[in-house]
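S.K.: Below are the structure tokens for one structure; questions will follow.
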There are 2 protein chains.
Amino acid sequence: MNFRQSINRPTLHEELVERLRSLIVEDMLKPGEKVPEKELCETFSVSRTPLREALKVLASEGLVTLQANRGARVTDVTREEIKKTFVILARLEQLVGELASVNLSEVGRARIEERHADMVAAFKARGRTTYFQANQDIHNALLEGAGNDILDTHHRMLESRVRRARFMVNLSEERWAQAISEHEDMMVKLRNRDATGLGQVMKTHMENKLAAYMKVLEAEDRESEEP
Amino acid sequence: MNFRQSINRPTLHEELVERLRSLIVEDMLKPGEKVPEKELCETFSVSRTPLREALKVLASEGLVTLQANRGARVTDVTREEIKKTFVILARLEQLVGELASVNLSEVGRARIEERHADMVAAFKARGRTTYFQANQDIHNALLEGAGNDILDTHHRMLESRVRRARFMVNLSEERWAQAISEHEDMMVKLRNRDATGLGQVMKTHMENKLAAYMKVLEAEDRESEEP
DNA sequence: AAACGTAATTATGAATTCATAATTCAGTCA
DNA sequence: TGACTGAATTATGAATTCATAATTACGTTT
């Protein structure tokens, strides 16, 4: 039995890392903005020490940028960096696919199929929130099913940097339909335990996400040029 | 002109992260050992605050493990974790190869060829230290040539966890020769700007490193079983 | 002597304090 | 009016202090 869990009272800075990460990923703290140390200390009612420790950790993840004597700012992820991150994520996803094909239990696979059905239903009903949730669940389940916690850690780090980007991508109806079709493909490959196949699809899936995102951005660029 | 450099006095905790990382990677602080907070404060003559900040960062990189109210220990990387790390590294190396093939300048490539020649010479003279250095330089140059700094960051993080492992691997004469031959292959692919090819070789190179490492460990296991 | 319990010591997490760098803002001069 | 100067204010990095958890040392009991 595992007693760790029950005793485990996470330390303040750990909790703060989580909370701050959420604030950034959920876009409550916007890119480029200064991280209001004092204010956050008050809202979380902690002293500066653990908060600053948490900022150091987030900085090492790249979510926040520190400047000596000028405090922390939410990293403004440039388009170039988003590209770079997606390129890496695509490879990690490929690996996730290959590993999950081999390591995922039948029970786990069945659970993913269920969530997949939910996701398709959400698509048909155009329920974006439900869709996003199911989608997220599937990816997390695959990641967990891969059985490589270090892969998991790095995947999460990279993903948090481009989370905002991923949100806006699926807005296009065309891309949405394409994503669903890619997911269908993933389920087929998973059913057949086709490691290489699933890896390939997941890699492509991610690459298409990037392509769709860049397309959205370019459209925005054109708009702002000639209003 | 860039004045940043001249003004740039890195903060204490940043410097400490570097120093501590070195201590761990160079095996001055051994796995499983407690990180002697007080002692290190004295040797670096800093207070506990920046040192502990540095430890938090190293913990997020996985180099150190924190336990609430029990301080920090150098992470004892298990065999399983080394495997998991190598698997990821192999994929990242593959990506490095593909990107470097495309992005590396001719000048950069020439410089790598030079270092490659040094490495081969070191191999022939059985100069391990020189060999390791040249090898490291080549990999760093490729990583830099890939032109993806985020890839670089994550690669370094993962590599630092298995640094010790990589050191002992090349000890076998057989593996050493194989590594040289793989490097020759890499140079050919790089000369031809064969992105897929270089990626493949580099992936395999890393996978072979893992295999060799596991072989060494298994041999050690057998020894300890029947002395 | 070994096992237990308890007091003393030490180490740790977090708050507070302190020195200094950065920023703001009022006042001056062109 | 607007750019510049320098004092006042604020924010930041780092040292110190404080409360508490963990560890050690020691004495007691069997």
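Following the order of the structure tokens, chains are lettered A, B, ..., residues in each are numbered from 1, and ligands are numbered from 1.
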Do me a favour and pick out the residues of chain B within 12 Å of chain C, using only C-alpha atoms (C1' of nucleotides), as a PyMOL selection string.
M.R.: chain B and resi 34-38+48-49+52+66-72
S.K.: Distance cut-off 7 Å, counting only C-alpha atoms - which residues of chain A neighbour chain B? Return them as a PyMOL selection string.
M.R.: chain A and resi 11+53+56-57+60+68+84-85+88+91+148+150-151
S.K.: Would you save the residues of that selection, restricted to C-alpha atoms, as a PDB file, in the first residue's frame?
M.R.:
ATOM      1  CA  THR A  11       5.165  22.389   0.246  1.00  0.00           C
ATOM      2  CA  GLU A  53      10.955  30.105  -5.530  1.00  0.00           C
ATOM      3  CA  LYS A  56      12.359  30.407 -10.497  1.00  0.00           C
ATOM      4  CA  VAL A  57      10.907  27.022 -11.355  1.00  0.00           C
ATOM      5  CA  SER A  60      13.330  27.163 -15.874  1.00  0.00           C
ATOM      6  CA  ALA A  68      17.827  40.652 -12.753  1.00  0.00           C
ATOM      7  CA  LYS A  84      10.013  25.326 -32.674  1.00  0.00           C
ATOM      8  CA  THR A  85       7.950  23.935 -29.839  1.00  0.00           C
ATOM      9  CA  ILE A  88       9.497  19.006 -30.874  1.00  0.00           C
ATOM     10  CA  ARG A  91       8.199  14.001 -32.247  1.00  0.00           C
ATOM     11  CA  ASN A 148       7.217   6.994 -19.548  1.00  0.00           C
ATOM     12  CA  ILE A 150       9.878  11.595 -18.030  1.00  0.00           C
ATOM     13  CA  LEU A 151       8.324  11.877 -21.459  1.00  0.00           C
TER      14      LEU A 151
END
S.K.: If we count only C-alpha atoms (C1' of nucleotides), what is near range 123-140 of chain A at a cut-off of 10 Å, once residues fewer than 2 positions away on the same chain are taken out, given as a PyMOL selection string?
M.R.: chain A and resi 93+96-97+109+111-121+142-146+152+156+167+170-171+173+176-177+180+183+202
S.K.: Write the residues of the preceding selection, restricted to N, CA and C atoms, as a PDB file, in the first residue's frame.
M.R.:
ATOM      1  N   GLU A  93       4.995  13.317 -29.492  1.00  0.00           N
ATOM      2  CA  GLU A  93       3.692  12.681 -29.692  1.00  0.00           C
ATOM      3  C   GLU A  93       3.860  11.367 -30.459  1.00  0.00           C
ATOM      4  N   VAL A  96       4.947   8.942 -28.081  1.00  0.00           N
ATOM      5  CA  VAL A  96       3.810   8.581 -27.230  1.00  0.00           C
ATOM      6  C   VAL A  96       2.966   7.515 -27.935  1.00  0.00           C
ATOM      7  N   GLY A  97       2.681   7.758 -29.195  1.00  0.00           N
ATOM      8  CA  GLY A  97       1.869   6.813 -29.956  1.00  0.00           C
ATOM      9  C   GLY A  97       2.492   5.428 -30.003  1.00  0.00           C
ATOM     10  N   ARG A 109      -7.360   1.180 -23.161  1.00  0.00           N
ATOM     11  CA  ARG A 109      -7.741   1.453 -24.539  1.00  0.00           C
ATOM     12  C   ARG A 109      -9.261   1.636 -24.643  1.00  0.00           C
ATOM     13  N   ARG A 111     -11.244   2.660 -22.408  1.00  0.00           N
ATOM     14  CA  ARG A 111     -11.617   3.947 -21.826  1.00  0.00           C
ATOM     15  C   ARG A 111     -11.381   5.085 -22.826  1.00  0.00           C
ATOM     16  N   ILE A 112     -10.301   4.952 -23.562  1.00  0.00           N
ATOM     17  CA  ILE A 112     -10.011   5.982 -24.560  1.00  0.00           C
ATOM     18  C   ILE A 112     -11.059   5.965 -25.671  1.00  0.00           C
ATOM     19  N   GLU A 113     -11.454   4.771 -26.056  1.00  0.00           N
ATOM     20  CA  GLU A 113     -12.484   4.667 -27.096  1.00  0.00           C
ATOM     21  C   GLU A 113     -13.764   5.378 -26.639  1.00  0.00           C
ATOM     22  N   GLU A 114     -14.083   5.191 -25.375  1.00  0.00           N
ATOM     23  CA  GLU A 114     -15.274   5.862 -24.837  1.00  0.00           C
ATOM     24  C   GLU A 114     -15.159   7.373 -24.963  1.00  0.00           C
ATOM     25  N   ARG A 115     -14.025   7.877 -24.507  1.00  0.00           N
ATOM     26  CA  ARG A 115     -13.824   9.332 -24.568  1.00  0.00           C
ATOM     27  C   ARG A 115     -13.822   9.803 -26.023  1.00  0.00           C
ATOM     28  N   HIS A 116     -13.330   8.941 -26.882  1.00  0.00           N
ATOM     29  CA  HIS A 116     -13.327   9.289 -28.304  1.00  0.00           C
ATOM     30  C   HIS A 116     -14.763   9.449 -28.801  1.00  0.00           C
ATOM     31  N   ALA A 117     -15.614   8.532 -28.381  1.00  0.00           N
ATOM     32  CA  ALA A 117     -17.030   8.615 -28.764  1.00  0.00           C
ATOM     33  C   ALA A 117     -17.628   9.922 -28.243  1.00  0.00           C
ATOM     34  N   ASP A 118     -17.308  10.250 -26.996  1.00  0.00           N
ATOM     35  CA  ASP A 118     -17.774  11.526 -26.419  1.00  0.00           C
ATOM     36  C   ASP A 118     -17.328  12.695 -27.285  1.00  0.00           C
ATOM     37  N   MET A 119     -16.088  12.600 -27.727  1.00  0.00           N
ATOM     38  CA  MET A 119     -15.501  13.700 -28.485  1.00  0.00           C
ATOM     39  C   MET A 119     -16.218  13.869 -29.820  1.00  0.00           C
ATOM     40  N   VAL A 120     -16.476  12.744 -30.461  1.00  0.00           N
ATOM     41  CA  VAL A 120     -17.171  12.797 -31.748  1.00  0.00           C
ATOM     42  C   VAL A 120     -18.573  13.372 -31.557  1.00  0.00           C
ATOM     43  N   ALA A 121     -19.228  12.941 -30.490  1.00  0.00           N
ATOM     44  CA  ALA A 121     -20.562  13.466 -30.186  1.00  0.00           C
ATOM     45  C   ALA A 121     -20.499  14.979 -29.986  1.00  0.00           C
ATOM     46  N   LEU A 142      -3.325   8.696 -23.351  1.00  0.00           N
ATOM     47  CA  LEU A 142      -2.290   8.087 -24.190  1.00  0.00           C
ATOM     48  C   LEU A 142      -0.918   8.326 -23.575  1.00  0.00           C
ATOM     49  N   LEU A 143      -0.733   9.548 -23.113  1.00  0.00           N
ATOM     50  CA  LEU A 143       0.541   9.916 -22.506  1.00  0.00           C
ATOM     51  C   LEU A 143       0.801   9.034 -21.291  1.00  0.00           C
ATOM     52  N   GLU A 144      -0.227   8.855 -20.504  1.00  0.00           N
ATOM     53  CA  GLU A 144      -0.075   8.013 -19.319  1.00  0.00           C
ATOM     54  C   GLU A 144       0.151   6.561 -19.741  1.00  0.00           C
ATOM     55  N   GLY A 145      -0.599   6.147 -20.751  1.00  0.00           N
ATOM     56  CA  GLY A 145      -0.494   4.778 -21.229  1.00  0.00           C
ATOM     57  C   GLY A 145       0.884   4.457 -21.797  1.00  0.00           C
ATOM     58  N   ALA A 146       1.576   5.485 -22.245  1.00  0.00           N
ATOM     59  CA  ALA A 146       2.921   5.282 -22.788  1.00  0.00           C
ATOM     60  C   ALA A 146       3.857   4.760 -21.710  1.00  0.00           C
ATOM     61  N   ASP A 152       6.368  12.287 -20.168  1.00  0.00           N
ATOM     62  CA  ASP A 152       5.200  13.018 -19.684  1.00  0.00           C
ATOM     63  C   ASP A 152       5.590  14.418 -19.204  1.00  0.00           C
ATOM     64  N   ARG A 156       4.515  17.922 -21.068  1.00  0.00           N
ATOM     65  CA  ARG A 156       3.712  18.938 -20.383  1.00  0.00           C
ATOM     66  C   ARG A 156       4.377  20.298 -20.395  1.00  0.00           C
ATOM     67  N   PHE A 167      -5.511  26.486 -28.434  1.00  0.00           N
ATOM     68  CA  PHE A 167      -6.914  26.809 -28.229  1.00  0.00           C
ATOM     69  C   PHE A 167      -7.527  27.438 -29.472  1.00  0.00           C
ATOM     70  N   ASN A 170      -8.260  25.137 -33.223  1.00  0.00           N
ATOM     71  CA  ASN A 170      -9.400  24.301 -33.574  1.00  0.00           C
ATOM     72  C   ASN A 170     -10.670  25.108 -33.857  1.00  0.00           C
ATOM     73  N   LEU A 171     -10.525  26.388 -33.917  1.00  0.00           N
ATOM     74  CA  LEU A 171     -11.711  27.211 -34.155  1.00  0.00           C
ATOM     75  C   LEU A 171     -12.241  27.044 -35.583  1.00  0.00           C
ATOM     76  N   GLU A 173     -13.725  25.450 -38.731  1.00  0.00           N
ATOM     77  CA  GLU A 173     -14.583  24.280 -38.951  1.00  0.00           C
ATOM     78  C   GLU A 173     -13.846  23.214 -39.763  1.00  0.00           C
ATOM     79  N   TRP A 176     -11.315  21.485 -37.704  1.00  0.00           N
ATOM     80  CA  TRP A 176     -11.993  20.666 -36.702  1.00  0.00           C
ATOM     81  C   TRP A 176     -12.349  19.301 -37.299  1.00  0.00           C
ATOM     82  N   ALA A 177     -12.949  19.339 -38.485  1.00  0.00           N
ATOM     83  CA  ALA A 177     -13.328  18.096 -39.162  1.00  0.00           C
ATOM     84  C   ALA A 177     -12.090  17.240 -39.434  1.00  0.00           C
ATOM     85  N   ILE A 180     -10.905  15.543 -36.285  1.00  0.00           N
ATOM     86  CA  ILE A 180     -11.747  14.398 -35.947  1.00  0.00           C
ATOM     87  C   ILE A 180     -11.346  13.186 -36.785  1.00  0.00           C
ATOM     88  N   HIS A 183      -8.292  11.702 -35.522  1.00  0.00           N
ATOM     89  CA  HIS A 183      -8.536  10.950 -34.293  1.00  0.00           C
ATOM     90  C   HIS A 183      -9.154   9.582 -34.585  1.00  0.00           C
ATOM     91  N   MET A 202      -0.056  10.445 -35.017  1.00  0.00           N
ATOM     92  CA  MET A 202       0.008  11.455 -33.961  1.00  0.00           C
ATOM     93  C   MET A 202       1.006  12.562 -34.311  1.00  0.00           C
TER      94      MET A 202
END
S.K.: Among range 14-208 of chain B, which ones does DSSP place in strand (DSSP E), written as a ChimeraX atom specification?
M.R.: /B:64-67,71-74
S.K.: From a backbone DSSP assignment, name each residue in range 65-214 of chain B labelled helix (DSSP H, G or I), as a ChimeraX atom specification.
M.R.: /B:79-103,106-124,128-146,149-161,163-169,173-191,195-214
S.K.: May I have the residues of chain D within 10 Å of chain A, counting only C-alpha atoms (C1' of nucleotides), written as a list in words?
M.R.: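 Result, ordered by chain then number: DA11, DT12 and DG13 of chain D.
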S.K.: So that I have them on file, write out the residues from the current selection with C-alpha atoms (C1' of nucleotides), as a CSV table (one decimal), in the first residue's frame.
M.R.:
chain,number,residue,atom,x,y,z
D,11,DA,C1',10.5,46.7,-6.2
D,12,DT,C1',13.9,43.3,-6.1
D,13,DG,C1',17.7,40.1,-4.6
S.K.: Give one line per residue of range 126-184 of chain A that approaches range 18-31 of chain A to at most 10 Å, naming the two atoms of the closest pair and their distance in Å to one decimal, counting only C-alpha atoms; sort by chain then ascending residue number and deliver it as a tab-separated table.
M.R.:
residue	atom	partner	partner_atom	distance
A:Glu159	CA	A:Val25	CA	9.6
A:Ser160	CA	A:Val25	CA	6.2
A:Arg161	CA	A:Val25	CA	7.8
A:Val162	CA	A:Val25	CA	8.7
A:Arg163	CA	A:Val25	CA	6.5
A:Arg164	CA	A:Val25	CA	7.1
S.K.: Have a look at CA of Asp194 in chain A and CA of Glu98 in chain A and let me know their distance in Å, one decimal.
M.R.: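 That distance, rounded to one decimal, is 7.9 Å.
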